[in-house]
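Source file: coords_28.txt (compact mmCIF, C-alpha atoms)
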# COMPACT_ATOMS: atom_id res chain seq x y z
CA MET G 29 -14.92 -11.43 15.94
CA THR G 30 -12.02 -9.04 16.53
CA LYS G 31 -12.49 -5.32 16.07
CA LEU G 32 -9.74 -3.26 14.45
CA ASN G 33 -9.64 0.49 14.02
CA VAL G 34 -8.01 1.25 10.68
CA ALA G 35 -7.13 4.62 9.17
CA CYS G 36 -6.13 5.86 5.72
CA LEU G 37 -4.10 9.05 5.59
CA GLN G 38 -5.16 10.60 2.28
CA LEU G 39 -2.28 12.94 1.52
CA SER G 40 -1.22 15.38 -1.20
CA PRO G 41 2.57 14.99 -1.25
CA VAL G 42 4.79 17.90 -2.22
CA PHE G 43 6.66 16.59 -5.24
CA LYS G 44 10.36 16.10 -4.54
CA ASP G 45 10.03 17.62 -1.06
CA ALA G 46 9.70 14.79 1.43
CA LYS G 47 10.18 17.12 4.40
CA ALA G 48 7.19 19.24 3.39
CA SER G 49 5.10 16.12 2.73
CA ILE G 50 5.96 14.78 6.19
CA GLU G 51 4.91 18.08 7.74
CA ARG G 52 1.54 17.73 6.00
CA ALA G 53 1.14 14.19 7.32
CA ASP G 54 2.06 15.26 10.84
CA GLN G 55 -0.47 18.08 10.72
CA LEU G 56 -3.26 15.67 9.75
CA LEU G 57 -2.30 13.36 12.62
CA LEU G 58 -1.59 16.10 15.16
CA LYS G 59 -4.74 15.68 17.24
CA LEU G 60 -4.91 11.90 16.98
CA PRO G 61 -4.42 10.38 20.44
CA PRO G 62 -2.33 7.24 21.03
CA GLU G 63 -3.98 3.83 20.76
CA LEU G 64 -7.04 5.09 18.88
CA ILE G 65 -6.14 3.25 15.68
CA ASP G 66 -4.59 -0.18 15.10
CA ILE G 67 -3.38 0.19 11.51
CA LEU G 68 -2.44 3.40 9.68
CA VAL G 69 -2.09 3.21 5.89
CA LEU G 70 -0.54 5.89 3.66
CA PRO G 71 -0.40 6.19 -0.14
CA GLU G 72 2.14 4.87 -2.63
CA MET G 73 5.37 6.94 -2.70
CA ALA G 74 3.78 8.89 0.14
CA PHE G 75 6.44 11.54 0.77
CA PRO G 76 8.57 12.10 -2.37
CA GLY G 77 5.63 12.10 -4.80
CA TYR G 78 5.15 9.88 -7.79
CA CYS G 79 5.83 11.31 -11.25
CA PHE G 80 9.56 10.67 -11.64
CA ASP G 81 11.03 10.46 -15.13
CA SER G 82 14.09 8.25 -14.75
CA HIS G 83 16.49 6.37 -12.49
CA GLU G 84 18.55 9.52 -12.06
CA ASP G 85 15.47 11.62 -11.32
CA VAL G 86 14.22 9.44 -8.44
CA LEU G 87 17.57 8.28 -7.04
CA PRO G 88 18.05 11.20 -4.57
CA PHE G 89 14.66 10.33 -3.04
CA THR G 90 15.24 6.59 -2.59
CA GLU G 91 15.72 4.94 0.80
CA ASP G 92 17.02 1.69 2.27
CA PRO G 93 15.28 1.02 5.61
CA THR G 94 17.53 -2.01 6.17
CA ASP G 95 20.69 0.14 6.16
CA PRO G 96 21.54 0.81 9.84
CA ASN G 97 23.59 3.87 8.87
CA ASP G 98 20.88 5.66 6.88
CA ARG G 99 17.39 4.19 6.95
CA GLY G 100 15.74 7.17 5.29
CA CYS G 101 13.13 9.74 6.24
CA THR G 102 10.11 7.52 5.53
CA PHE G 103 11.32 4.80 7.88
CA GLU G 104 12.28 7.32 10.58
CA TRP G 105 8.84 8.92 10.31
CA ALA G 106 7.09 5.54 10.38
CA VAL G 107 9.01 4.49 13.51
CA LYS G 108 8.24 7.75 15.29
CA THR G 109 4.56 7.63 14.31
CA ALA G 110 4.12 3.93 15.10
CA LYS G 111 5.56 4.44 18.59
CA ARG G 112 3.64 7.65 19.30
CA LEU G 113 0.28 6.28 18.17
CA ASN G 114 1.02 2.69 19.22
CA THR G 115 -0.10 1.50 15.80
CA VAL G 116 1.08 -0.47 12.77
CA VAL G 117 2.20 1.91 9.99
CA ILE G 118 2.10 0.90 6.31
CA VAL G 119 3.57 3.48 3.94
CA GLY G 120 4.81 3.58 0.35
CA PHE G 121 8.35 4.68 -0.52
CA ALA G 122 11.03 4.47 -3.22
CA GLN G 123 13.36 1.66 -2.19
CA ARG G 124 17.08 1.50 -2.91
CA SER G 125 18.95 -1.75 -2.44
CA ARG G 126 21.99 -3.62 -3.67
CA PRO G 127 21.22 -6.41 -6.14
CA ASP G 128 21.41 -9.97 -4.91
CA PRO G 129 24.89 -11.54 -5.13
CA GLY G 130 25.43 -13.08 -8.52
CA ALA G 131 22.58 -11.17 -10.17
CA GLU G 132 23.06 -11.05 -13.90
CA ARG G 133 24.03 -7.71 -15.34
CA GLN G 134 21.63 -8.28 -18.22
CA ALA G 135 18.78 -7.38 -15.86
CA PHE G 136 20.15 -3.84 -15.79
CA ALA G 137 21.13 -3.52 -19.44
CA ASP G 138 18.72 -0.68 -20.27
CA ASP G 139 19.06 2.98 -19.37
CA HIS G 140 16.77 2.79 -16.34
CA HIS G 141 18.90 0.58 -14.07
CA ARG G 142 22.47 0.33 -12.94
CA PRO G 143 24.41 -2.78 -11.89
CA ASN G 144 25.37 -1.32 -8.49
CA VAL G 145 21.89 -0.46 -7.23
CA THR G 146 18.35 -1.75 -7.62
CA LEU G 147 15.30 0.49 -7.21
CA HIS G 148 11.80 -0.65 -6.34
CA ASN G 149 8.46 1.03 -5.77
CA SER G 150 7.78 -0.46 -2.34
CA LEU G 151 5.86 -0.25 0.90
CA MET G 152 7.12 -0.88 4.41
CA VAL G 153 5.31 -2.24 7.46
CA VAL G 154 6.46 -0.93 10.84
CA LEU G 155 5.16 -2.38 14.11
CA PRO G 156 4.07 -0.31 17.15
CA THR G 157 7.44 -1.14 18.71
CA GLY G 158 9.21 0.56 15.80
CA HIS G 159 10.50 -2.69 14.30
CA LEU G 160 10.53 -3.13 10.53
CA HIS G 161 8.18 -6.06 9.96
CA ALA G 162 8.07 -6.36 6.17
CA ILE G 163 8.85 -4.74 2.84
CA TYR G 164 6.72 -5.43 -0.21
CA GLN G 165 7.95 -4.50 -3.69
CA LYS G 166 5.34 -3.58 -6.31
CA HIS G 167 4.91 -6.58 -8.60
CA PHE G 168 2.98 -5.04 -11.52
CA LEU G 169 4.55 -1.76 -12.63
CA TYR G 170 2.69 1.17 -14.16
CA THR G 171 4.30 2.96 -17.12
CA THR G 172 5.62 5.70 -14.81
CA ASP G 173 7.33 3.08 -12.61
CA GLU G 174 8.92 1.39 -15.60
CA THR G 175 11.18 4.39 -16.17
CA TRP G 176 13.09 3.63 -12.95
CA ALA G 177 11.85 0.66 -10.93
CA LYS G 178 12.40 -3.07 -11.12
CA PRO G 179 9.28 -5.18 -10.48
CA GLY G 180 9.04 -7.11 -7.26
CA PRO G 181 9.26 -10.90 -7.62
CA ARG G 182 5.73 -11.81 -6.51
CA PHE G 183 2.57 -10.82 -4.69
CA SER G 184 2.84 -11.26 -0.93
CA ILE G 185 0.96 -12.16 2.22
CA MET G 186 2.13 -11.23 5.70
CA SER G 187 1.02 -12.34 9.14
CA LEU G 188 0.40 -9.95 12.02
CA PRO G 189 -0.13 -11.00 15.65
CA LEU G 190 -3.06 -10.04 17.82
CA PRO G 191 -3.09 -7.98 19.89
CA LEU G 192 -1.09 -5.66 17.65
CA ARG G 193 0.23 -3.46 20.42
CA ASN G 194 3.28 -4.23 22.52
CA VAL G 195 4.37 -7.15 20.34
CA THR G 196 8.03 -7.93 19.93
CA SER G 197 9.40 -7.94 16.42
CA CYS G 198 8.50 -10.98 14.35
CA SER G 199 10.24 -9.76 11.20
CA PRO G 200 11.70 -12.25 8.79
CA SER G 201 15.46 -11.89 8.65
CA ASN G 202 15.39 -10.43 5.15
CA HIS G 203 12.45 -8.12 5.83
CA ARG G 204 10.24 -9.59 3.13
CA ALA G 205 6.59 -10.56 3.31
CA LEU G 206 6.80 -14.06 1.87
CA PRO G 207 3.67 -15.63 0.36
CA ASP G 208 4.63 -19.13 1.49
CA ASP G 209 4.87 -18.17 5.18
CA LEU G 210 1.31 -19.31 5.80
CA SER G 211 1.41 -21.70 8.74
CA PRO G 212 -1.78 -21.66 10.82
CA PRO G 213 -1.69 -19.60 14.01
CA ALA G 214 -0.03 -21.31 16.93
CA PRO G 215 -2.28 -22.26 19.87
CA ASN G 216 -2.94 -19.40 22.29
CA ARG G 217 -1.49 -16.85 19.89
CA LYS G 218 -3.92 -15.27 17.46
CA HIS G 219 -2.64 -14.01 14.12
CA PHE G 220 -4.33 -12.53 11.12
CA SER G 221 -3.20 -12.44 7.49
CA VAL G 222 -2.81 -9.42 5.24
CA ALA G 223 -2.34 -9.29 1.47
CA LEU G 224 -0.21 -6.33 0.41
CA GLY G 225 -0.55 -4.46 -2.88
CA ILE G 226 0.46 -1.23 -4.53
CA CYS G 227 -1.88 0.47 -7.01
CA MET G 228 -1.16 -1.14 -10.42
CA ASP G 229 -1.07 -4.55 -8.74
CA LEU G 230 -4.88 -4.47 -8.99
CA ASN G 231 -4.80 -4.06 -12.77
CA PRO G 232 -4.16 -6.62 -15.50
CA HIS G 233 -0.43 -7.06 -16.00
CA GLN G 234 0.79 -4.21 -18.23
CA PHE G 235 -2.87 -3.78 -19.28
CA THR G 236 -2.30 -6.63 -21.75
CA SER G 237 -3.30 -9.77 -19.86
CA PRO G 238 -6.99 -10.79 -19.93
CA PHE G 239 -9.15 -8.62 -17.70
CA THR G 240 -10.73 -11.71 -16.19
CA ALA G 241 -7.37 -13.17 -15.16
CA PHE G 242 -7.68 -11.14 -11.92
CA GLU G 243 -4.05 -11.94 -11.08
CA PHE G 244 -3.86 -10.19 -7.71
CA ALA G 245 -7.31 -11.22 -6.47
CA ASN G 246 -6.82 -14.82 -7.55
CA PHE G 247 -3.47 -14.92 -5.78
CA VAL G 248 -5.16 -13.76 -2.56
CA ARG G 249 -7.99 -16.25 -3.03
CA SER G 250 -5.56 -19.13 -3.53
CA ARG G 251 -3.76 -18.21 -0.32
CA SER G 252 -7.08 -17.95 1.52
CA LEU G 253 -7.99 -21.45 0.41
CA LYS G 254 -4.59 -22.71 1.55
CA LEU G 255 -4.99 -21.08 4.95
CA LYS G 256 -8.46 -22.55 5.35
CA ALA G 257 -7.19 -26.02 4.48
CA GLU G 258 -4.31 -25.76 6.96
CA SER G 259 -6.49 -24.44 9.79
CA ASN G 260 -9.67 -26.51 9.33
CA GLY G 261 -11.48 -23.41 8.10
CA ASP G 262 -10.49 -21.15 10.97
CA ALA G 263 -8.09 -18.87 9.05
CA THR G 264 -8.27 -16.79 5.88
CA VAL G 265 -6.70 -13.70 4.36
CA ASP G 266 -8.41 -11.13 6.55
CA LEU G 267 -7.27 -7.87 4.97
CA VAL G 268 -6.18 -6.64 1.56
CA ILE G 269 -4.25 -3.39 2.02
CA CYS G 270 -3.19 -1.30 -0.97
CA CYS G 271 -1.10 1.87 -1.03
CA MET G 272 -2.33 3.86 -4.02
CA ALA G 273 -1.36 6.67 -6.37
CA TRP G 274 -4.46 6.08 -8.47
CA LEU G 275 -5.12 8.57 -11.25
CA MET G 276 -8.34 10.33 -12.00
CA SER G 277 -9.92 9.30 -15.28
CA ASP G 278 -9.69 11.48 -18.37
CA ASP G 279 -13.03 13.20 -17.80
CA ALA G 280 -11.90 14.55 -14.41
CA ASP G 281 -11.77 18.12 -15.68
CA ASP G 282 -15.54 17.98 -16.17
CA ILE G 283 -16.10 17.26 -12.46
CA GLU G 284 -16.54 19.97 -9.87
CA THR G 285 -14.23 18.99 -6.99
CA THR G 286 -14.61 21.78 -4.45
CA THR G 287 -18.00 21.19 -2.88
CA GLY G 288 -17.46 18.04 -0.83
CA ARG G 289 -17.42 14.31 -1.33
CA LYS G 290 -21.17 13.68 -1.63
CA ASP G 291 -21.43 15.94 -4.69
CA ASN G 292 -18.64 13.93 -6.30
CA TRP G 293 -20.06 10.49 -5.59
CA ASP G 294 -20.71 9.67 -9.25
CA LYS G 295 -17.03 10.21 -10.01
CA GLN G 296 -15.82 8.40 -6.92
CA ARG G 297 -18.15 5.50 -7.57
CA GLN G 298 -16.32 4.85 -10.85
CA THR G 299 -13.02 4.44 -9.00
CA ILE G 300 -14.33 2.41 -6.08
CA ASN G 301 -16.48 0.20 -8.31
CA TYR G 302 -13.45 -0.51 -10.47
CA TRP G 303 -11.42 -1.56 -7.43
CA ALA G 304 -14.29 -3.81 -6.35
CA THR G 305 -14.51 -5.30 -9.83
CA ARG G 306 -10.80 -6.12 -9.80
CA LEU G 307 -11.38 -7.98 -6.51
CA LYS G 308 -14.26 -10.05 -7.90
CA PRO G 309 -12.76 -13.48 -7.00
CA LEU G 310 -12.74 -12.35 -3.34
CA ILE G 311 -16.35 -11.21 -3.14
CA GLY G 312 -18.10 -13.37 -0.56
CA GLU G 313 -14.90 -13.99 1.40
CA ASP G 314 -14.43 -12.76 4.99
CA THR G 315 -11.96 -10.16 3.77
CA VAL G 316 -11.82 -6.38 4.08
CA PHE G 317 -10.21 -4.20 1.40
CA ILE G 318 -8.40 -1.03 2.51
CA ALA G 319 -7.16 1.47 -0.08
CA ALA G 320 -5.15 4.57 0.87
CA ASN G 321 -4.98 6.82 -2.18
CA ARG G 322 -3.48 10.27 -2.59
CA VAL G 323 -4.88 13.54 -3.89
CA GLY G 324 -3.37 16.54 -5.64
CA ARG G 325 -1.75 17.10 -9.00
CA GLU G 326 1.74 16.39 -10.35
CA LYS G 327 2.85 17.47 -13.80
CA ASP G 328 -0.11 16.68 -16.07
CA VAL G 329 -1.93 14.14 -13.90
CA THR G 330 -4.50 14.43 -11.11
CA PHE G 331 -4.96 11.78 -8.44
CA ALA G 332 -8.37 10.36 -7.62
CA GLY G 333 -8.55 10.34 -3.80
CA SER G 334 -11.51 8.22 -2.69
CA SER G 335 -9.55 6.19 -0.14
CA CYS G 336 -11.95 3.60 1.17
CA VAL G 337 -12.68 0.57 3.30
CA LEU G 338 -14.77 -2.10 1.58
CA ARG G 339 -16.15 -5.26 3.19
CA LEU G 340 -15.98 -7.98 0.56
CA SER G 341 -18.14 -10.60 2.29
CA ASP G 342 -21.30 -8.70 1.30
CA LEU G 343 -19.73 -5.93 -0.81
CA VAL G 344 -20.49 -3.09 1.61
CA LEU G 345 -18.62 0.20 1.38
CA LEU G 346 -17.96 0.99 5.04
CA ASP G 347 -16.66 4.50 4.38
CA TYR G 348 -14.67 6.54 1.88
CA ALA G 349 -12.70 9.78 1.73
CA SER G 350 -13.18 12.78 -0.52
CA LEU G 351 -12.18 13.12 -4.15
CA ASP G 352 -9.69 15.93 -3.74
CA LYS G 353 -8.99 16.76 -0.09
CA GLU G 354 -6.36 15.68 2.40
CA GLU G 355 -7.97 13.89 5.32
CA LEU G 356 -7.75 11.02 7.77
CA LEU G 357 -10.35 8.33 7.13
CA GLN G 358 -11.04 6.19 10.21
CA VAL G 359 -13.14 3.02 10.14
CA THR G 360 -13.82 0.22 12.63
CA ILE G 361 -13.83 -3.22 11.03
CA GLU G 362 -14.32 -6.76 12.25
CA ILE G 363 -12.27 -9.80 11.33
CA PRO G 364 -13.14 -13.41 12.24

Using structure tokens, write down the structure that the file contains.
Amino acid sequence: MTKLNVACLQLSPVFKDAKASIERADQLLLKLPPELIDILVLPEMAFPGYCFDSHEDVLPFTEDPTDPNDRGCTFEWAVKTAKRLNTVVIVGFAQRSRPDPGAERQAFADDHHRPNVTLHNSLMVVLPTGHLHAIYQKHFLYTTDETWAKPGPRFSIMSLPLPLRNVTSCSPSNHRALPDDLSPPAPNRKHFSVALGICMDLNPHQFTSPFTAFEFANFVRSRSLKLKAESNGDATVDLVICCMAWLMSDDADDIETTTGRKDNWDKQRQTINYWATRLKPLIGEDTVFIAANRVGREKDVTFAGSSCVLRLSDLVLLDYASLDKEELLQVTIEIP
């Protein structure tokens, strides 16, 4: 078994003020020494906030980490933090990119998209060396995303080498985590596999597909089975990592949220149990689920906190963060 120290930075972003949000993140990480954690996960849209109304509304806060002339504040922060802490950083951001050559203009025919730019709700993975390892684009969009973002093409799996520190870049040339890149680890070089998701990816597609379709979890399970077949049972999808901006349920106003996490367990249990339910096809697998959610309020919505680390092999909640406070949740896990 390999031990990994993982951390979720549960943040309350300052809406439309990425600089202030970054300052909050830095403050929470200020006393964290280098090499204490292996993977640091932040929420969905971690620095600009989430509740944007349109393409025009979000556009000033979008970034293209593949643009060598202006990679954006999220990427610059991730590089700085990954190098300082010697850790992998996974963080959500609003992605701006040019459409693929030959893309049909019909895909941008509505008011939310333009033919000269494509926007995605995405996450980036930055290695301890500061290299961009992967970008994942949210596949299932929430109603808020649909006002400005284009869905990503598919769910994705990425591979990370062990040990994580001091590795050279192994990024694919197009900076995508491709689900078919699932060759077994080469001899003498240990890898592990990570399924990436963003919030709504856990839910039924558009809340209209059958609840028991479990699209995301079944995708991960199918890739686990493929890995096992290709490695004679030695490999699986080890981690499921989700950047979240998960909302509190409608009865949140009836919950007292100022006296600490234990007093709010009934409320948090609803959220965490729902996540576990959506991962039902993976229960019993040697997989660990890591969810980094946000807290705070934007416009008329409140976010549910409760970032957690859940071992799916025996459905054990290893630890969880508070309902409504910024904090750094740190957990040691084991992968085969």

Near-Phe220 in chain G list (12 Å; only C-alpha atoms; drop same-chain fewer than 6 positions) as a PyMOL selection string: chain G and resi 29-32+185-192+210-214+252+255+262-268+314-316+362-364

Å distance separating CA of Thr305 in chain G from CA of Leu338 in chain G, one decimal place: 11.9 Å

Ile226 in chain G surroundings by all atoms listed in the file, 6 Å radius, close-in-sequence under 6 positions cut, as a VMD selection string: chain G and resid 166 270 to 272

Computed interatomic separation between CA of Asp85 in chain G and CA of Glu51 in chain G (Å):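 For CA of Asp85 in chain G relative to CA of Glu51 in chain G, the distance reads 22.7 Å.
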
Sphere at (-16.8, 3.6, -6.0), radius 12 Å, counting all atoms listed in the file: residues as a PyMOL selection string: chain G and resi 289-290+292-305+319+332-338+343-351

Would you save the residues of that selection, restricted to C-alpha atoms, as an mmCIF file, in the coordinates of the input?
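Everything below was put into out-v3.cif:
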data_model
loop_
_atom_site.group_PDB
_atom_site.id
_atom_site.type_symbol
_atom_site.label_atom_id
_atom_site.label_comp_id
_atom_site.auth_asym_id
_atom_site.auth_seq_id
_atom_site.Cartn_x
_atom_site.Cartn_y
_atom_site.Cartn_z
ATOM 1 C CA ARG G 289 -17.420 14.310 -1.330
ATOM 2 C CA LYS G 290 -21.170 13.680 -1.630
ATOM 3 C CA ASN G 292 -18.640 13.930 -6.300
ATOM 4 C CA TRP G 293 -20.060 10.490 -5.590
ATOM 5 C CA ASP G 294 -20.710 9.670 -9.250
ATOM 6 C CA LYS G 295 -17.030 10.210 -10.010
ATOM 7 C CA GLN G 296 -15.820 8.400 -6.920
ATOM 8 C CA ARG G 297 -18.150 5.500 -7.570
ATOM 9 C CA GLN G 298 -16.320 4.850 -10.850
ATOM 10 C CA THR G 299 -13.020 4.440 -9.000
ATOM 11 C CA ILE G 300 -14.330 2.410 -6.080
ATOM 12 C CA ASN G 301 -16.480 0.200 -8.310
ATOM 13 C CA TYR G 302 -13.450 -0.510 -10.470
ATOM 14 C CA TRP G 303 -11.420 -1.560 -7.430
ATOM 15 C CA ALA G 304 -14.290 -3.810 -6.350
ATOM 16 C CA THR G 305 -14.510 -5.300 -9.830
ATOM 17 C CA ALA G 319 -7.160 1.470 -0.080
ATOM 18 C CA ALA G 332 -8.370 10.360 -7.620
ATOM 19 C CA GLY G 333 -8.550 10.340 -3.800
ATOM 20 C CA SER G 334 -11.510 8.220 -2.690
ATOM 21 C CA SER G 335 -9.550 6.190 -0.140
ATOM 22 C CA CYS G 336 -11.950 3.600 1.170
ATOM 23 C CA VAL G 337 -12.680 0.570 3.300
ATOM 24 C CA LEU G 338 -14.770 -2.100 1.580
ATOM 25 C CA LEU G 343 -19.730 -5.930 -0.810
ATOM 26 C CA VAL G 344 -20.490 -3.090 1.610
ATOM 27 C CA LEU G 345 -18.620 0.200 1.380
ATOM 28 C CA LEU G 346 -17.960 0.990 5.040
ATOM 29 C CA ASP G 347 -16.660 4.500 4.380
ATOM 30 C CA TYR G 348 -14.670 6.540 1.880
ATOM 31 C CA ALA G 349 -12.700 9.780 1.730
ATOM 32 C CA SER G 350 -13.180 12.780 -0.520
ATOM 33 C CA LEU G 351 -12.180 13.120 -4.150
#

Coordinates-based distance that separates CA of Leu275 in chain G from CA of Thr330 in chain G (Å, one decimal): 5.9 Å

Within 12 Å of Gly100 in chain G, counting all atoms listed in the file, which residues qualify if same-chain residues fewer than 4 places away don't, as an mmCIF file with C-alpha atoms, keeping the file's coordinate frame?
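As written to disk, around18.cif reads:
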data_model
loop_
_atom_site.group_PDB
_atom_site.id
_atom_site.type_symbol
_atom_site.label_atom_id
_atom_site.label_comp_id
_atom_site.auth_asym_id
_atom_site.auth_seq_id
_atom_site.Cartn_x
_atom_site.Cartn_y
_atom_site.Cartn_z
ATOM 1 C CA ALA G 46 9.700 14.790 1.430
ATOM 2 C CA LYS G 47 10.180 17.120 4.400
ATOM 3 C CA PHE G 75 6.440 11.540 0.770
ATOM 4 C CA PRO G 76 8.570 12.100 -2.370
ATOM 5 C CA PRO G 88 18.050 11.200 -4.570
ATOM 6 C CA PHE G 89 14.660 10.330 -3.040
ATOM 7 C CA THR G 90 15.240 6.590 -2.590
ATOM 8 C CA GLU G 91 15.720 4.940 0.800
ATOM 9 C CA ASP G 92 17.020 1.690 2.270
ATOM 10 C CA PRO G 93 15.280 1.020 5.610
ATOM 11 C CA THR G 94 17.530 -2.010 6.170
ATOM 12 C CA ASP G 95 20.690 0.140 6.160
ATOM 13 C CA PRO G 96 21.540 0.810 9.840
ATOM 14 C CA GLU G 104 12.280 7.320 10.580
ATOM 15 C CA TRP G 105 8.840 8.920 10.310
ATOM 16 C CA ALA G 106 7.090 5.540 10.380
ATOM 17 C CA VAL G 107 9.010 4.490 13.510
ATOM 18 C CA PHE G 121 8.350 4.680 -0.520
ATOM 19 C CA ALA G 122 11.030 4.470 -3.220
ATOM 20 C CA GLN G 123 13.360 1.660 -2.190
ATOM 21 C CA ARG G 124 17.080 1.500 -2.910
ATOM 22 C CA MET G 152 7.120 -0.880 4.410
#

Residue among G:Thr236, G:Ser125, G:Thr157, G:Asn114 lying closest to Tyr170 in chain G, counting only C-alpha atoms: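 Under the stated criterion, the closest residue is G:Thr236.
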
Non-local contacts of Gln358 in chain G (9 Å; all atoms listed in the file; under 5 positions in same chain excluded) as a list in words: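 Result of the neighbour search: Asn33, Val34, Ala35, Cys36, Leu37, Ile65 and Asp347 of chain G.
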
Written selection (C-alpha atoms) as a PDB file, in the frame of the given file:
ATOM      1  CA  ASN G  33      -9.640   0.490  14.020  1.00  0.00           C
ATOM      2  CA  VAL G  34      -8.010   1.250  10.680  1.00  0.00           C
ATOM      3  CA  ALA G  35      -7.130   4.620   9.170  1.00  0.00           C
ATOM      4  CA  CYS G  36      -6.130   5.860   5.720  1.00  0.00           C
ATOM      5  CA  LEU G  37      -4.100   9.050   5.590  1.00  0.00           C
ATOM      6  CA  ILE G  65      -6.140   3.250  15.680  1.00  0.00           C
ATOM      7  CA  ASP G 347     -16.660   4.500   4.380  1.00  0.00           C
TER       8      ASP G 347
END

Answer as an NGL selection string, residues within 9 Å of (3.3, 0.1, -9.0) using all atoms listed in the file: :G and (72 or 148-150 or 165-174 or 177 or 179 or 225-229 or 272-273)

Nearest to Phe43 in chain G, chosen from G:His161, G:Lys353, G:Lys327, G:Arg339, with all atoms listed in the file counted in the distances: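 Using all atoms listed in the file, the shortest distance to Phe43 in chain G belongs to G:Lys327.
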
Within 12 Å of Phe239 in chain G using all atoms listed in the file, minus same-chain residues under 3 positions, as an MDAnalysis selection string: chainID G and resid 230:236 242:245 302 305:308
